[in-house]
>>> print(open('query-v9.tsv').read())   # TSV, C-alpha atoms
chain	number	residue	atom	x	y	z
A	1	MET	CA	0.00	0.00	0.00
A	2	ASP	CA	3.00	2.32	-0.41
A	3	HIS	CA	1.24	4.09	-3.29
A	4	LYS	CA	-0.94	6.06	-0.84
A	5	LEU	CA	-0.16	9.75	-0.45
A	6	LEU	CA	-1.55	12.10	2.21
A	7	VAL	CA	-1.83	15.70	0.99
A	8	LEU	CA	-2.68	18.86	2.93
A	9	ASP	CA	-3.67	22.21	1.47
A	10	VAL	CA	-3.33	24.58	4.44
A	11	GLY	CA	-5.23	27.79	3.71
A	12	ASN	CA	-6.01	30.85	5.79
A	13	THR	CA	-9.57	29.71	6.52
A	14	HIS	CA	-9.68	25.99	5.78
A	15	THR	CA	-7.29	23.06	5.58
A	16	VAL	CA	-8.20	20.45	2.98
A	17	VAL	CA	-6.76	17.00	3.59
A	18	GLY	CA	-6.80	14.38	0.86
A	19	LEU	CA	-5.75	10.75	0.60
A	20	PHE	CA	-4.58	9.60	-2.82
A	21	ASP	CA	-4.50	5.95	-3.82
A	22	GLY	CA	-2.28	6.12	-6.87
A	23	GLU	CA	-3.83	8.76	-9.15
A	24	ASP	CA	-7.23	8.51	-7.49
A	25	LEU	CA	-8.24	10.89	-4.73
A	26	GLY	CA	-10.16	8.44	-2.64
A	27	VAL	CA	-11.31	10.74	0.16
A	28	ARG	CA	-10.85	14.31	1.31
A	29	TRP	CA	-11.75	16.30	4.39
A	30	ARG	CA	-12.32	20.05	4.77
A	31	LEU	CA	-11.34	21.35	8.22
A	32	SER	CA	-10.99	24.75	9.85
A	33	THR	CA	-7.48	26.21	10.04
A	34	HIS	CA	-6.50	27.11	13.60
A	35	GLY	CA	-3.28	29.02	14.23
A	36	GLU	CA	-3.17	27.90	17.85
A	37	ARG	CA	-3.28	24.16	17.06
A	38	THR	CA	-0.22	22.42	18.49
A	39	ALA	CA	1.93	19.77	16.82
A	40	ASP	CA	0.39	17.10	19.07
A	41	GLU	CA	-3.16	18.15	18.20
A	42	THR	CA	-2.30	18.20	14.50
A	43	GLY	CA	-0.65	14.79	14.67
A	44	LEU	CA	-3.56	13.25	16.55
A	45	TRP	CA	-6.21	14.39	14.09
A	46	LEU	CA	-4.11	13.24	11.14
A	47	ARG	CA	-3.80	9.81	12.75
A	48	GLN	CA	-7.54	9.75	13.42
A	49	LEU	CA	-8.41	10.63	9.81
A	50	LEU	CA	-6.21	7.81	8.56
A	51	GLN	CA	-7.65	5.34	11.07
A	52	TRP	CA	-11.18	6.05	9.82
A	53	GLU	CA	-10.01	4.89	6.38
A	54	GLY	CA	-8.18	1.86	7.76
A	55	VAL	CA	-4.79	3.29	6.81
A	56	GLU	CA	-1.68	3.03	8.97
A	57	PRO	CA	1.16	5.58	8.78
A	58	SER	CA	3.40	2.80	7.43
A	59	ASP	CA	1.02	2.45	4.46
A	60	LEU	CA	1.87	5.95	3.24
A	61	ALA	CA	4.41	6.62	0.52
A	62	GLY	CA	4.64	10.20	1.73
A	63	VAL	CA	2.97	13.33	3.06
A	64	ALA	CA	2.85	16.51	0.96
A	65	VAL	CA	1.91	19.97	2.22
A	66	ALA	CA	1.02	23.21	0.45
A	67	SER	CA	0.74	25.92	3.10
A	68	VAL	CA	0.07	29.65	2.97
A	69	VAL	CA	0.15	29.95	6.78
A	70	PRO	CA	3.87	30.03	7.75
A	71	LEU	CA	3.01	30.11	11.46
A	72	LEU	CA	1.67	26.56	11.24
A	73	ASP	CA	4.49	25.04	9.18
A	74	PRO	CA	6.79	24.09	12.10
A	75	HIS	CA	3.89	22.41	13.93
A	76	MET	CA	2.93	20.53	10.77
A	77	ARG	CA	6.50	19.31	10.19
A	78	GLU	CA	6.76	18.13	13.80
A	79	ALA	CA	3.34	16.47	13.73
A	80	VAL	CA	4.07	14.51	10.55
A	81	GLY	CA	7.48	13.45	11.80
A	82	ARG	CA	6.31	12.39	15.27
A	83	TYR	CA	2.91	10.85	14.52
A	84	LEU	CA	3.28	9.61	10.93
A	85	GLY	CA	6.95	8.71	11.07
A	86	THR	CA	8.04	10.48	7.91
A	87	GLU	CA	9.35	13.84	6.71
A	88	ALA	CA	6.72	16.05	5.13
A	89	PHE	CA	7.36	17.42	1.66
A	90	PHE	CA	6.53	21.14	1.52
A	91	VAL	CA	5.92	23.16	-1.63
A	92	GLU	CA	8.53	25.84	-1.10
A	93	PRO	CA	11.28	27.72	-2.97
A	94	GLY	CA	13.94	25.44	-4.41
A	95	ILE	CA	11.78	22.42	-5.25
A	96	ARG	CA	11.48	21.00	-8.74
A	97	THR	CA	8.35	22.28	-10.45
A	98	GLY	CA	8.76	21.45	-14.14
A	99	MET	CA	7.27	24.88	-14.79
A	100	PRO	CA	9.45	27.96	-15.48
A	101	LEU	CA	8.33	30.82	-13.25
A	102	ARG	CA	8.44	34.02	-15.34
A	103	VAL	CA	7.82	36.40	-12.46
A	104	GLU	CA	9.97	38.94	-10.62
A	105	ALA	CA	10.08	37.10	-7.27
A	106	PRO	CA	9.36	33.36	-7.70
A	107	GLN	CA	9.98	32.75	-3.99
A	108	GLU	CA	6.90	34.85	-3.17
A	109	LEU	CA	4.51	32.70	-5.19
A	110	GLY	CA	1.96	31.03	-2.91
A	111	ALA	CA	2.21	27.25	-2.68
A	112	ASP	CA	-1.46	26.80	-3.54
A	113	ARG	CA	-1.15	29.02	-6.61
A	114	LEU	CA	1.78	26.97	-7.91
A	115	CYS	CA	-0.14	23.74	-7.33
A	116	ASP	CA	-3.12	25.12	-9.26
A	117	ALA	CA	-0.99	26.17	-12.22
A	118	VAL	CA	0.90	22.87	-12.41
A	119	ALA	CA	-2.28	20.77	-12.22
A	120	ALA	CA	-4.25	22.85	-14.73
A	121	HIS	CA	-1.46	22.65	-17.29
A	122	ALA	CA	-1.05	18.91	-16.72
A	123	ILE	CA	-4.78	18.30	-17.22
A	124	TYR	CA	-5.71	20.82	-19.92
A	125	GLY	CA	-2.42	21.95	-21.43
A	126	GLY	CA	-1.64	25.57	-22.22
A	127	PRO	CA	-2.42	28.31	-22.45
A	128	CYS	CA	-4.70	28.14	-19.44
A	129	LEU	CA	-6.07	30.46	-16.78
A	130	VAL	CA	-6.93	29.23	-13.28
A	131	LEU	CA	-9.38	30.96	-10.92
A	132	ASP	CA	-9.16	29.79	-7.31
A	133	PHE	CA	-11.97	30.94	-5.00
A	134	GLY	CA	-10.80	30.88	-1.40
A	135	THR	CA	-10.21	33.49	1.29
A	136	ALA	CA	-8.76	35.39	-1.66
A	137	VAL	CA	-9.63	34.79	-5.30
A	138	THR	CA	-6.61	34.37	-7.53
A	139	TRP	CA	-6.00	34.19	-11.27
A	140	GLU	CA	-2.99	32.12	-12.48
A	141	VAL	CA	-1.75	32.51	-16.06
A	142	VAL	CA	0.10	29.66	-17.78
A	143	SER	CA	1.47	29.97	-21.31
A	144	ALA	CA	1.18	27.51	-24.17
A	145	ALA	CA	4.76	26.45	-23.37
A	146	GLY	CA	3.87	25.67	-19.77
A	147	GLU	CA	5.39	28.78	-18.21
A	148	TYR	CA	3.88	30.51	-15.20
A	149	LEU	CA	3.46	34.13	-16.35
A	150	GLY	CA	1.89	35.74	-13.28
A	151	GLY	CA	-1.58	36.44	-11.97
A	152	VAL	CA	-4.05	38.57	-10.07
A	153	ILE	CA	-5.17	38.54	-6.41
A	154	ALA	CA	-8.43	40.01	-5.07
A	155	PRO	CA	-10.50	39.58	-1.88
A	156	GLY	CA	-12.60	36.45	-1.82
A	157	PRO	CA	-16.42	36.56	-1.62
A	158	GLY	CA	-16.43	35.66	2.08
A	159	VAL	CA	-14.02	38.50	2.88
A	160	THR	CA	-16.17	40.94	0.93
A	161	ALA	CA	-19.33	39.96	2.81
A	162	GLU	CA	-17.57	39.97	6.18
A	163	ALA	CA	-16.12	43.43	5.56
A	164	LEU	CA	-19.56	44.86	4.83
A	165	PHE	CA	-21.01	43.21	7.94
A	166	SER	CA	-18.20	44.29	10.29
A	167	ARG	CA	-18.08	47.91	9.14
A	168	THR	CA	-21.83	48.63	9.35
A	169	ALA	CA	-24.09	48.82	12.40
A	170	LYS	CA	-27.36	47.45	11.03
A	171	LEU	CA	-26.55	45.33	8.00
A	172	PRO	CA	-26.72	41.57	8.64
A	173	MET	CA	-24.24	38.95	7.48
A	174	VAL	CA	-25.65	37.11	4.44
A	175	ALA	CA	-24.55	34.13	2.37
A	176	MET	CA	-22.87	34.46	-1.01
A	177	ALA	CA	-25.81	33.27	-3.11
A	178	PRO	CA	-27.71	34.55	-6.15
A	179	PRO	CA	-30.85	36.48	-5.14
A	180	PRO	CA	-34.16	35.97	-6.97
A	181	ARG	CA	-33.84	39.42	-8.61
A	182	VAL	CA	-31.28	42.19	-8.94
A	183	ILE	CA	-33.48	44.83	-7.34
A	184	GLY	CA	-33.86	43.79	-3.71
A	185	LYS	CA	-37.17	44.20	-1.88
A	186	GLY	CA	-35.59	44.02	1.58
A	187	THR	CA	-32.29	44.45	3.35
A	188	VAL	CA	-31.13	40.84	3.07
A	189	ASP	CA	-31.84	40.34	-0.63
A	190	SER	CA	-30.48	43.82	-1.38
A	191	ILE	CA	-27.19	42.84	0.27
A	192	GLN	CA	-27.21	39.47	-1.49
A	193	SER	CA	-27.71	41.21	-4.82
A	194	GLY	CA	-24.91	43.67	-4.21
A	195	ILE	CA	-22.46	41.04	-3.01
A	196	PHE	CA	-23.28	38.38	-5.61
A	197	HIS	CA	-23.66	40.54	-8.70
A	198	GLY	CA	-20.87	42.85	-7.60
A	199	TYR	CA	-18.60	39.87	-7.16
A	200	MET	CA	-19.62	38.37	-10.48
A	201	GLY	CA	-18.77	41.69	-12.09
A	202	LEU	CA	-15.33	41.60	-10.48
A	203	VAL	CA	-14.70	38.00	-11.59
A	204	GLU	CA	-15.91	38.50	-15.15
A	205	GLY	CA	-14.25	41.89	-15.54
A	206	ILE	CA	-10.80	40.75	-14.42
A	207	THR	CA	-11.07	37.46	-16.33
A	208	ARG	CA	-11.92	39.29	-19.56
A	209	LYS	CA	-9.02	41.71	-19.11
A	210	VAL	CA	-6.58	38.86	-18.42
A	211	LEU	CA	-7.79	37.01	-21.51
A	212	GLU	CA	-7.38	40.19	-23.57
A	213	GLU	CA	-3.71	40.31	-22.54
A	214	MET	CA	-2.91	36.61	-22.89
A	215	GLY	CA	-5.23	35.68	-25.74
A	216	GLU	CA	-7.47	32.63	-25.97
A	217	ALA	CA	-7.03	30.17	-23.11
A	218	THR	CA	-8.79	27.37	-21.24
A	219	VAL	CA	-10.34	28.80	-18.07
A	220	VAL	CA	-10.42	26.48	-15.05
A	221	ALA	CA	-12.09	27.26	-11.71
A	222	THR	CA	-11.41	25.68	-8.32
A	223	GLY	CA	-12.04	26.46	-4.65
A	224	GLY	CA	-15.08	26.62	-2.42
A	225	PHE	CA	-17.21	28.99	-4.54
A	226	ALA	CA	-16.07	27.73	-7.95
A	227	ALA	CA	-19.14	25.68	-8.80
A	228	SER	CA	-21.67	28.37	-7.85
A	229	VAL	CA	-19.74	31.07	-9.71
A	230	ALA	CA	-19.32	28.88	-12.80
A	231	GLU	CA	-23.10	28.45	-13.06
A	232	HIS	CA	-23.38	32.17	-13.75
A	233	CYS	CA	-20.12	32.82	-15.63
A	234	THR	CA	-19.85	31.69	-19.24
A	235	LEU	CA	-16.12	32.45	-19.29
A	236	ILE	CA	-15.32	29.39	-17.12
A	237	ASP	CA	-14.75	26.22	-19.15
A	238	HIS	CA	-14.11	23.67	-16.41
A	239	VAL	CA	-14.58	23.29	-12.65
A	240	GLU	CA	-11.95	21.20	-10.84
A	241	PRO	CA	-12.78	21.06	-7.10
A	242	ASP	CA	-9.56	19.20	-6.22
A	243	LEU	CA	-7.15	21.04	-8.52
A	244	THR	CA	-4.82	22.17	-5.71
A	245	LEU	CA	-4.55	18.67	-4.25
A	246	LYS	CA	-3.85	17.20	-7.69
A	247	GLY	CA	-1.11	19.75	-8.26
A	248	LEU	CA	0.35	18.99	-4.85
A	249	ARG	CA	0.57	15.31	-5.77
A	250	LEU	CA	2.27	16.13	-9.08
A	251	LEU	CA	4.87	18.29	-7.35
A	252	TRP	CA	5.51	15.56	-4.78
A	253	LEU	CA	6.09	13.08	-7.61
A	254	LYS	CA	8.61	15.42	-9.26
A	255	ASN	CA	10.55	15.70	-6.01
A	256	ARG	CA	10.14	12.34	-4.29
A	257	ASP	CA	13.48	10.93	-5.48
A	258	THR	CA	15.52	14.12	-5.11
A	259	ASP	CA	17.46	15.54	-2.20
A	260	ARG	CA	15.93	18.89	-1.30
>>> encode(input="query-v9.tsv", output="structure tokens")
Amino acid sequence: MDHKLLVLDVGNTHTVVGLFDGEDLGVRWRLSTHGERTADETGLWLRQLLQWEGVEPSDLAGVAVASVVPLLDPHMREAVGRYLGTEAFFVEPGIRTGMPLRVEAPQELGADRLCDAVAAHAIYGGPCLVLDFGTAVTWEVVSAAGEYLGGVIAPGPGVTAEALFSRTAKLPMVAMAPPPRVIGKGTVDSIQSGIFHGYMGLVEGITRKVLEEMGEATVVATGGFAASVAEHCTLIDHVEPDLTLKGLRLLWLKNRDTDR
């Protein structure tokens, strides 16, 4: 069973944990990210997740981590070493990517963004454009030759809604969902309309401008809001919910037999 790979996408709001069996992502869990979680707590819940699937740490070929929360990285390394008995592979500067990074500061590129770009190009070829809807929404541009050319970062839909709620005295917090009409008849559906249609305008506007600069490309969406946004955005060609985890696996494969 040494073909099993545990992958962790550690984001600012959520941590997505996946268990690959070869190329197949057999199961995944979406958990809250907590900055105060200790190495012991992290190790224990990783062991518990594996036990639910009948997997022992010795069954794993490796553990791969893409993290955008540096504060948690030392705890994660310690947890994997102590409770899973292996050294975690982190997506970080200096690893093999197979993708030239044509940006000014490659070391600043977020691990999740690199995973998205690598996976999208592997699945759909280039040129391609990836939209990842998380705490932030990001656009990743990959050329026809498989080069990472740069991207765009904007606040995610949850951040937008939370900002409106926290900075106003009477406006309630509402879900990011399409309202029945653009013109709201009450406070809640008025907010929903502004957040949803305003956000769709941001997504479509930036996507169109990126495509104008790069030319025709396959547009791939991933992240928590990808499916709901894609229903209302004709610019999105494909939705890949597990794109980041797939890219993390590909990067682990490129580096598994190298000394980092």
>>> atom_distance(input="query-v9.tsv", atom1="CA of Glu108 in chain A", atom2="CA of Gly125 in chain A")
24.2 Å
>>> closest_residue(input="query-v9.tsv", among="A:Val10, A:Leu243, A:Ala226, A:Leu46", to="Phe133 in chain A", atoms="all atoms listed in the file")
A:Ala226
>>> closest_residue(input="query-v9.tsv", among="A:Trp29, A:Phe196, A:Trp45, A:Phe90", to="Val17 in chain A", atoms="only C-alpha atoms")
A:Trp29
>>> closest_atom_pairs(input="query-v9.tsv", of="range 25-144 of chain A", to="range 217-224 of chain A", cutoff="6 Å", atoms="only C-alpha atoms", output="tab-separated table")
residue	atom	partner	partner_atom	distance
A:Pro127	CA	A:Ala217	CA	5.0
A:Cys128	CA	A:Thr218	CA	4.5
A:Leu129	CA	A:Val219	CA	4.8
A:Val130	CA	A:Val220	CA	4.8
A:Leu131	CA	A:Ala221	CA	4.7
A:Asp132	CA	A:Thr222	CA	4.8
A:Phe133	CA	A:Gly223	CA	4.5
A:Gly134	CA	A:Gly223	CA	5.6
>>> residues_around(input="query-v9.tsv", residues="Val141 in chain A", least_positions_apart="5", cutoff="6 Å", atoms="all atoms listed in the file", output="ChimeraX atom specification")
/A:129,149-151
>>> closest_residue(input="query-v9.tsv", among="A:Gly201, A:Gly110, A:Gly98, A:Pro93", to="Val68 in chain A", atoms="only C-alpha atoms")
A:Gly110
>>> residues_around(input="query-v9.tsv", residues="Ile123 in chain A", least_positions_apart="5", cutoff="10 Å", atoms="all atoms listed in the file", output="list in words")
Val118, Leu243, Lys246 and Gly247 of chain A
>>> closest_residue(input="query-v9.tsv", among="A:Leu5, A:Val91, A:Val80, A:Val16", to="Asn255 in chain A", atoms="all atoms listed in the file")
A:Val91
>>> atom_distance(input="query-v9.tsv", atom1="CA of Thr38 in chain A", atom2="CA of Leu6 in chain A")
19.3 Å
>>> atom_distance(input="query-v9.tsv", atom1="CA of His3 in chain A", atom2="CA of Leu60 in chain A")
6.8 Å
>>> residues_around(input="query-v9.tsv", residues="Gly215 in chain A", least_positions_apart="4", cutoff="10 Å", atoms="only C-alpha atoms", output="ChimeraX atom specification")
/A:127-128,143,208-211
>>> write_last_selection(input="query-v9.tsv", atoms="C-alpha atoms", output="JSON list (two decimals), in the frame of the given file")
[["chain", "number", "residue", "atom", "x", "y", "z"],
["A", 127, "PRO", "CA", -2.42, 28.31, -22.45],
["A", 128, "CYS", "CA", -4.70, 28.14, -19.44],
["A", 143, "SER", "CA", 1.47, 29.97, -21.31],
["A", 208, "ARG", "CA", -11.92, 39.29, -19.56],
["A", 209, "LYS", "CA", -9.02, 41.71, -19.11],
["A", 210, "VAL", "CA", -6.58, 38.86, -18.42],
["A", 211, "LEU", "CA", -7.79, 37.01, -21.51]]
